[in-house]
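Everything below belongs to protein01.cif, which stores mmCIF, N, CA and C atoms.
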data_my_file
loop_
_atom_site.label_atom_id
_atom_site.label_comp_id
_atom_site.auth_asym_id
_atom_site.auth_seq_id
_atom_site.Cartn_x
_atom_site.Cartn_y
_atom_site.Cartn_z
N MET F 161 97.59 -169.59 207.03
CA MET F 161 99.01 -169.83 206.82
C MET F 161 99.28 -169.93 205.32
N GLN F 162 100.31 -169.26 204.88
CA GLN F 162 100.70 -169.29 203.48
C GLN F 162 101.66 -170.47 203.26
N ILE F 163 101.33 -171.31 202.28
CA ILE F 163 102.14 -172.48 201.98
C ILE F 163 103.14 -172.11 200.88
N LYS F 164 104.39 -172.48 201.08
CA LYS F 164 105.42 -172.28 200.07
C LYS F 164 105.75 -173.64 199.47
N TYR F 165 105.57 -173.76 198.18
CA TYR F 165 105.79 -175.04 197.50
C TYR F 165 107.25 -175.16 197.09
N THR F 166 108.10 -175.38 198.10
CA THR F 166 109.54 -175.52 197.87
C THR F 166 110.03 -176.83 198.48
N GLN F 167 111.21 -177.23 198.06
CA GLN F 167 111.81 -178.44 198.60
C GLN F 167 112.09 -178.28 200.10
N GLN F 168 112.41 -177.07 200.54
CA GLN F 168 112.68 -176.83 201.95
C GLN F 168 111.43 -177.04 202.80
N PHE F 169 110.28 -176.58 202.30
CA PHE F 169 109.03 -176.76 203.04
C PHE F 169 108.66 -178.24 203.07
N LEU F 170 108.89 -178.95 201.97
CA LEU F 170 108.65 -180.39 201.93
C LEU F 170 109.50 -181.09 202.98
N SER F 171 110.75 -180.68 203.12
CA SER F 171 111.64 -181.26 204.13
C SER F 171 111.12 -181.02 205.54
N LYS F 172 110.54 -179.85 205.79
CA LYS F 172 109.97 -179.56 207.10
C LYS F 172 108.82 -180.49 207.42
N LEU F 173 107.97 -180.75 206.42
CA LEU F 173 106.85 -181.67 206.62
C LEU F 173 107.35 -183.09 206.86
N GLU F 174 108.38 -183.49 206.14
CA GLU F 174 108.96 -184.82 206.34
C GLU F 174 109.57 -184.96 207.73
N ASP F 175 110.11 -183.86 208.27
CA ASP F 175 110.67 -183.87 209.63
C ASP F 175 109.58 -184.16 210.66
N ILE F 176 108.38 -183.64 210.45
CA ILE F 176 107.28 -183.90 211.38
C ILE F 176 106.99 -185.40 211.40
N PHE F 177 106.96 -186.03 210.23
CA PHE F 177 106.71 -187.47 210.17
C PHE F 177 107.86 -188.24 210.83
N SER F 178 109.09 -187.79 210.65
CA SER F 178 110.23 -188.52 211.24
C SER F 178 110.22 -188.48 212.76
N GLU F 179 109.61 -187.44 213.34
CA GLU F 179 109.52 -187.34 214.80
C GLU F 179 108.26 -187.98 215.36
N SER F 180 107.35 -188.37 214.49
CA SER F 180 106.10 -189.00 214.95
C SER F 180 106.22 -190.51 214.87
N GLN F 181 105.12 -191.19 215.20
CA GLN F 181 105.12 -192.64 215.15
C GLN F 181 104.84 -193.14 213.74
N TYR F 182 104.54 -192.24 212.80
CA TYR F 182 104.23 -192.62 211.43
C TYR F 182 105.50 -192.71 210.57
N VAL F 183 105.51 -193.69 209.68
CA VAL F 183 106.60 -193.87 208.73
C VAL F 183 106.11 -193.32 207.40
N LEU F 184 106.90 -192.46 206.78
CA LEU F 184 106.55 -191.87 205.50
C LEU F 184 107.36 -192.54 204.41
N ARG F 185 106.66 -193.01 203.37
CA ARG F 185 107.34 -193.67 202.25
C ARG F 185 106.83 -193.07 200.94
N TYR F 186 107.75 -192.96 199.98
CA TYR F 186 107.39 -192.54 198.63
C TYR F 186 107.52 -193.77 197.74
N GLU F 187 106.40 -194.18 197.13
CA GLU F 187 106.41 -195.36 196.29
C GLU F 187 105.50 -195.18 195.10
N LYS F 188 105.70 -196.04 194.12
CA LYS F 188 104.86 -196.05 192.93
C LYS F 188 103.53 -196.72 193.28
N GLY F 189 102.45 -196.18 192.75
CA GLY F 189 101.16 -196.79 193.02
C GLY F 189 100.03 -196.03 192.38
N ASN F 190 98.90 -196.65 192.31
CA ASN F 190 97.69 -196.03 191.76
C ASN F 190 96.78 -195.65 192.91
N PHE F 191 97.08 -194.57 193.58
CA PHE F 191 96.30 -194.11 194.72
C PHE F 191 95.28 -193.10 194.22
N ASN F 192 94.03 -193.26 194.61
CA ASN F 192 92.99 -192.33 194.17
C ASN F 192 93.27 -190.91 194.62
N ALA F 193 93.72 -190.74 195.84
CA ALA F 193 93.98 -189.41 196.38
C ALA F 193 95.46 -189.02 196.26
N GLY F 194 96.28 -189.90 195.72
CA GLY F 194 97.70 -189.61 195.60
C GLY F 194 98.50 -190.15 196.77
N TYR F 195 97.81 -190.73 197.73
CA TYR F 195 98.49 -191.31 198.88
C TYR F 195 97.65 -192.44 199.44
N CYS F 196 98.29 -193.24 200.28
CA CYS F 196 97.62 -194.34 200.96
C CYS F 196 98.01 -194.25 202.43
N LEU F 197 97.04 -194.34 203.30
CA LEU F 197 97.29 -194.22 204.73
C LEU F 197 96.91 -195.52 205.42
N LEU F 198 97.89 -196.19 206.00
CA LEU F 198 97.66 -197.43 206.73
C LEU F 198 97.72 -197.11 208.22
N LYS F 199 96.58 -196.78 208.79
CA LYS F 199 96.54 -196.28 210.17
C LYS F 199 96.98 -197.30 211.20
N GLU F 200 96.62 -198.58 211.00
CA GLU F 200 96.96 -199.60 212.00
C GLU F 200 98.47 -199.82 212.10
N THR F 201 99.17 -199.69 210.96
CA THR F 201 100.62 -199.91 210.97
C THR F 201 101.40 -198.61 210.99
N HIS F 202 100.69 -197.46 211.04
CA HIS F 202 101.31 -196.14 211.10
C HIS F 202 102.25 -195.90 209.93
N VAL F 203 101.75 -196.17 208.72
CA VAL F 203 102.53 -195.95 207.51
C VAL F 203 101.73 -195.04 206.57
N ALA F 204 102.40 -194.02 206.04
CA ALA F 204 101.81 -193.15 205.03
C ALA F 204 102.64 -193.31 203.76
N VAL F 205 101.97 -193.66 202.66
CA VAL F 205 102.64 -193.87 201.38
C VAL F 205 102.14 -192.81 200.41
N VAL F 206 103.08 -192.07 199.83
CA VAL F 206 102.76 -191.00 198.88
C VAL F 206 103.33 -191.39 197.52
N ASN F 207 102.61 -191.06 196.46
CA ASN F 207 103.05 -191.35 195.10
C ASN F 207 104.39 -190.66 194.83
N LYS F 208 105.41 -191.43 194.49
CA LYS F 208 106.75 -190.87 194.32
C LYS F 208 106.88 -190.05 193.04
N TYR F 209 105.93 -190.16 192.13
CA TYR F 209 105.98 -189.40 190.88
C TYR F 209 105.28 -188.05 190.97
N PHE F 210 104.76 -187.72 192.13
CA PHE F 210 104.16 -186.40 192.34
C PHE F 210 105.22 -185.32 192.23
N THR F 211 104.77 -184.13 191.85
CA THR F 211 105.65 -182.96 191.90
C THR F 211 105.82 -182.56 193.37
N VAL F 212 106.68 -181.61 193.63
CA VAL F 212 106.87 -181.11 195.00
C VAL F 212 105.55 -180.57 195.53
N GLU F 213 104.82 -179.85 194.70
CA GLU F 213 103.54 -179.29 195.12
C GLU F 213 102.55 -180.40 195.48
N GLY F 214 102.50 -181.45 194.68
CA GLY F 214 101.61 -182.56 194.96
C GLY F 214 101.97 -183.29 196.24
N LYS F 215 103.26 -183.47 196.48
CA LYS F 215 103.72 -184.14 197.70
C LYS F 215 103.36 -183.30 198.93
N ILE F 216 103.57 -181.99 198.83
CA ILE F 216 103.25 -181.10 199.96
C ILE F 216 101.76 -181.15 200.26
N ASN F 217 100.93 -181.06 199.24
CA ASN F 217 99.48 -181.11 199.45
C ASN F 217 99.06 -182.44 200.07
N ALA F 218 99.64 -183.54 199.61
CA ALA F 218 99.30 -184.85 200.16
C ALA F 218 99.72 -184.95 201.63
N LEU F 219 100.91 -184.48 201.96
CA LEU F 219 101.40 -184.56 203.34
C LEU F 219 100.56 -183.70 204.28
N ILE F 220 100.15 -182.52 203.82
CA ILE F 220 99.31 -181.66 204.66
C ILE F 220 97.97 -182.34 204.90
N GLU F 221 97.41 -182.93 203.87
CA GLU F 221 96.12 -183.62 204.03
C GLU F 221 96.25 -184.80 204.99
N ILE F 222 97.35 -185.54 204.89
CA ILE F 222 97.57 -186.66 205.81
C ILE F 222 97.72 -186.16 207.24
N LEU F 223 98.47 -185.09 207.43
CA LEU F 223 98.66 -184.55 208.79
C LEU F 223 97.34 -184.11 209.41
N ARG F 224 96.40 -183.68 208.59
CA ARG F 224 95.09 -183.28 209.11
C ARG F 224 94.22 -184.49 209.46
N LEU F 225 94.54 -185.65 208.86
CA LEU F 225 93.73 -186.85 209.09
C LEU F 225 94.22 -187.69 210.28
N ILE F 226 95.52 -187.68 210.52
CA ILE F 226 96.08 -188.55 211.56
C ILE F 226 96.21 -187.79 212.87
N LYS F 227 96.37 -188.55 213.93
CA LYS F 227 96.57 -187.97 215.26
C LYS F 227 98.04 -188.14 215.65
N ILE F 228 98.70 -187.01 215.85
CA ILE F 228 100.08 -187.00 216.33
C ILE F 228 100.11 -186.26 217.64
N ASN F 229 100.79 -186.80 218.61
CA ASN F 229 100.94 -186.13 219.90
C ASN F 229 101.95 -184.99 219.73
N PRO F 230 101.52 -183.74 219.82
CA PRO F 230 102.45 -182.62 219.63
C PRO F 230 103.59 -182.59 220.64
N GLU F 231 103.39 -183.22 221.77
CA GLU F 231 104.44 -183.23 222.80
C GLU F 231 105.67 -184.03 222.36
N THR F 232 105.51 -184.92 221.40
CA THR F 232 106.64 -185.73 220.94
C THR F 232 107.47 -185.01 219.89
N LEU F 233 106.99 -183.84 219.43
CA LEU F 233 107.69 -183.10 218.39
C LEU F 233 108.61 -182.05 218.98
N SER F 234 109.63 -181.68 218.21
CA SER F 234 110.50 -180.59 218.64
C SER F 234 109.70 -179.28 218.58
N GLU F 235 110.22 -178.25 219.19
CA GLU F 235 109.47 -176.99 219.29
C GLU F 235 109.10 -176.42 217.92
N LYS F 236 110.05 -176.39 216.98
CA LYS F 236 109.76 -175.82 215.66
C LYS F 236 108.76 -176.68 214.89
N ASN F 237 108.88 -178.01 215.00
CA ASN F 237 107.94 -178.90 214.32
C ASN F 237 106.56 -178.86 214.97
N ARG F 238 106.52 -178.70 216.28
CA ARG F 238 105.24 -178.59 216.98
C ARG F 238 104.49 -177.34 216.52
N LYS F 239 105.21 -176.23 216.41
CA LYS F 239 104.60 -174.98 215.97
C LYS F 239 104.04 -175.12 214.55
N LEU F 240 104.81 -175.70 213.64
CA LEU F 240 104.35 -175.90 212.27
C LEU F 240 103.17 -176.86 212.22
N TYR F 241 103.24 -177.95 212.97
CA TYR F 241 102.15 -178.93 212.99
C TYR F 241 100.85 -178.29 213.48
N LEU F 242 100.93 -177.52 214.54
CA LEU F 242 99.73 -176.87 215.08
C LEU F 242 99.17 -175.85 214.11
N GLU F 243 100.04 -175.11 213.42
CA GLU F 243 99.57 -174.15 212.42
C GLU F 243 98.85 -174.87 211.29
N LEU F 244 99.40 -175.99 210.85
CA LEU F 244 98.82 -176.72 209.72
C LEU F 244 97.49 -177.36 210.08
N THR F 245 97.36 -177.84 211.29
CA THR F 245 96.15 -178.58 211.66
C THR F 245 95.05 -177.70 212.25
N GLN F 246 95.37 -176.49 212.68
CA GLN F 246 94.37 -175.68 213.34
C GLN F 246 93.95 -174.44 212.57
N THR F 247 94.57 -174.17 211.43
CA THR F 247 94.20 -172.98 210.69
C THR F 247 93.78 -173.36 209.27
N ALA F 248 93.03 -172.49 208.67
CA ALA F 248 92.66 -172.68 207.26
C ALA F 248 93.86 -172.27 206.41
N LEU F 249 94.10 -173.01 205.36
CA LEU F 249 95.23 -172.72 204.51
C LEU F 249 94.84 -171.75 203.41
N SER F 250 95.73 -170.80 203.13
CA SER F 250 95.52 -169.93 201.99
C SER F 250 96.51 -170.34 200.91
N LEU F 251 95.98 -170.92 199.86
CA LEU F 251 96.84 -171.46 198.80
C LEU F 251 97.06 -170.45 197.70
#

Do you think you could lay out the structure here as structure tokens?
Amino acid sequence: MQIKYTQQFLSKLEDIFSESQYVLRYEKGNFNAGYCLLKETHVAVVNKYFTVEGKINALIEILRLIKINPETLSEKNRKLYLELTQTALSL
């Protein structure tokens, strides 16, 4: 899958989080990987000072680490989620 580093693609990734049980937050912090994942409370925190490209890369990495039930997502978000988690990315 070809990733487009645009604000529109970032919004699509944020939509997946909004339909899942995870809460996505952008905050200031010193995260080693650029994000912090609190699995027990279902919160993902991404460095708010990242560029769009950095935010997209962090969200994709988080989506590959967490378990989301695809059945809870809308059809378009389910398709994108499955593409992101089941295929190798070509950057």

For this session: Run DSSP on the backbone and grab whatever in chain F lands in strand (DSSP E); send it over as a PyMOL selection string.
Result: chain F and resi 183-187+195-198+203-207

Exercise. Taking only C-alpha atoms into account, which of F:Glu213, F:Lys239, F:Leu233, F:Leu225 comes nearest Ser178 (chain F)?
Worked result: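 Checking each candidate against Ser178 (chain F), we get F:Leu233 as the closest.
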
Might you pull out every residue within 8 Å of region 184-191 of chain F, with all atoms listed in the file counted and same-chain residues fewer than 6 positions away left off, and present them as a compact mmCIF listing (two decimals) with N, CA and C atoms, keeping the file's coordinate frame?
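Result file follows (result27.txt):
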# COMPACT_ATOMS: atom_id res chain seq x y z
N GLU F 174 108.38 -183.49 206.14
CA GLU F 174 108.96 -184.82 206.34
C GLU F 174 109.57 -184.96 207.73
N PHE F 177 106.96 -186.03 210.23
CA PHE F 177 106.71 -187.47 210.17
C PHE F 177 107.86 -188.24 210.83
N SER F 178 109.09 -187.79 210.65
CA SER F 178 110.23 -188.52 211.24
C SER F 178 110.22 -188.48 212.76
N HIS F 202 100.69 -197.46 211.04
CA HIS F 202 101.31 -196.14 211.10
C HIS F 202 102.25 -195.90 209.93
N VAL F 203 101.75 -196.17 208.72
CA VAL F 203 102.53 -195.95 207.51
C VAL F 203 101.73 -195.04 206.57
N ALA F 204 102.40 -194.02 206.04
CA ALA F 204 101.81 -193.15 205.03
C ALA F 204 102.64 -193.31 203.76
N VAL F 205 101.97 -193.66 202.66
CA VAL F 205 102.64 -193.87 201.38
C VAL F 205 102.14 -192.81 200.41
N VAL F 206 103.08 -192.07 199.83
CA VAL F 206 102.76 -191.00 198.88
C VAL F 206 103.33 -191.39 197.52
N ASN F 207 102.61 -191.06 196.46
CA ASN F 207 103.05 -191.35 195.10
C ASN F 207 104.39 -190.66 194.83
N LYS F 208 105.41 -191.43 194.49
CA LYS F 208 106.75 -190.87 194.32
C LYS F 208 106.88 -190.05 193.04
N TYR F 209 105.93 -190.16 192.13
CA TYR F 209 105.98 -189.40 190.88
C TYR F 209 105.28 -188.05 190.97

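Here the question is which of F:Asn192, F:Val212, F:Tyr182, F:Ile222 gets nearest to Gln167 (chain F) using all atoms listed in the file, and that residue is F:Val212.
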
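As for atom C of Glu243 (chain F) and atom N of Tyr195 (chain F), they are spaced 20.9 Å apart.
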
Report as AutoDock Vina command-line options the centre and the edge lengths, in Å to one decimal, of the axis-aligned box holding every listed atom of region 218-236 of chain F, padded by 3 Å on each side.
--center_x 102.1 --center_y -182.2 --center_z 211.2 --size_x 22.8 --size_y 18.7 --size_z 29.2

Problem set entry | Separation of CA of Glu200 (chain F) from CA of Arg224 (chain F), in Å and rounded to one decimal |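 Value for the CA of Glu200 (chain F)-CA of Arg224 (chain F) distance: 16.7 Å.
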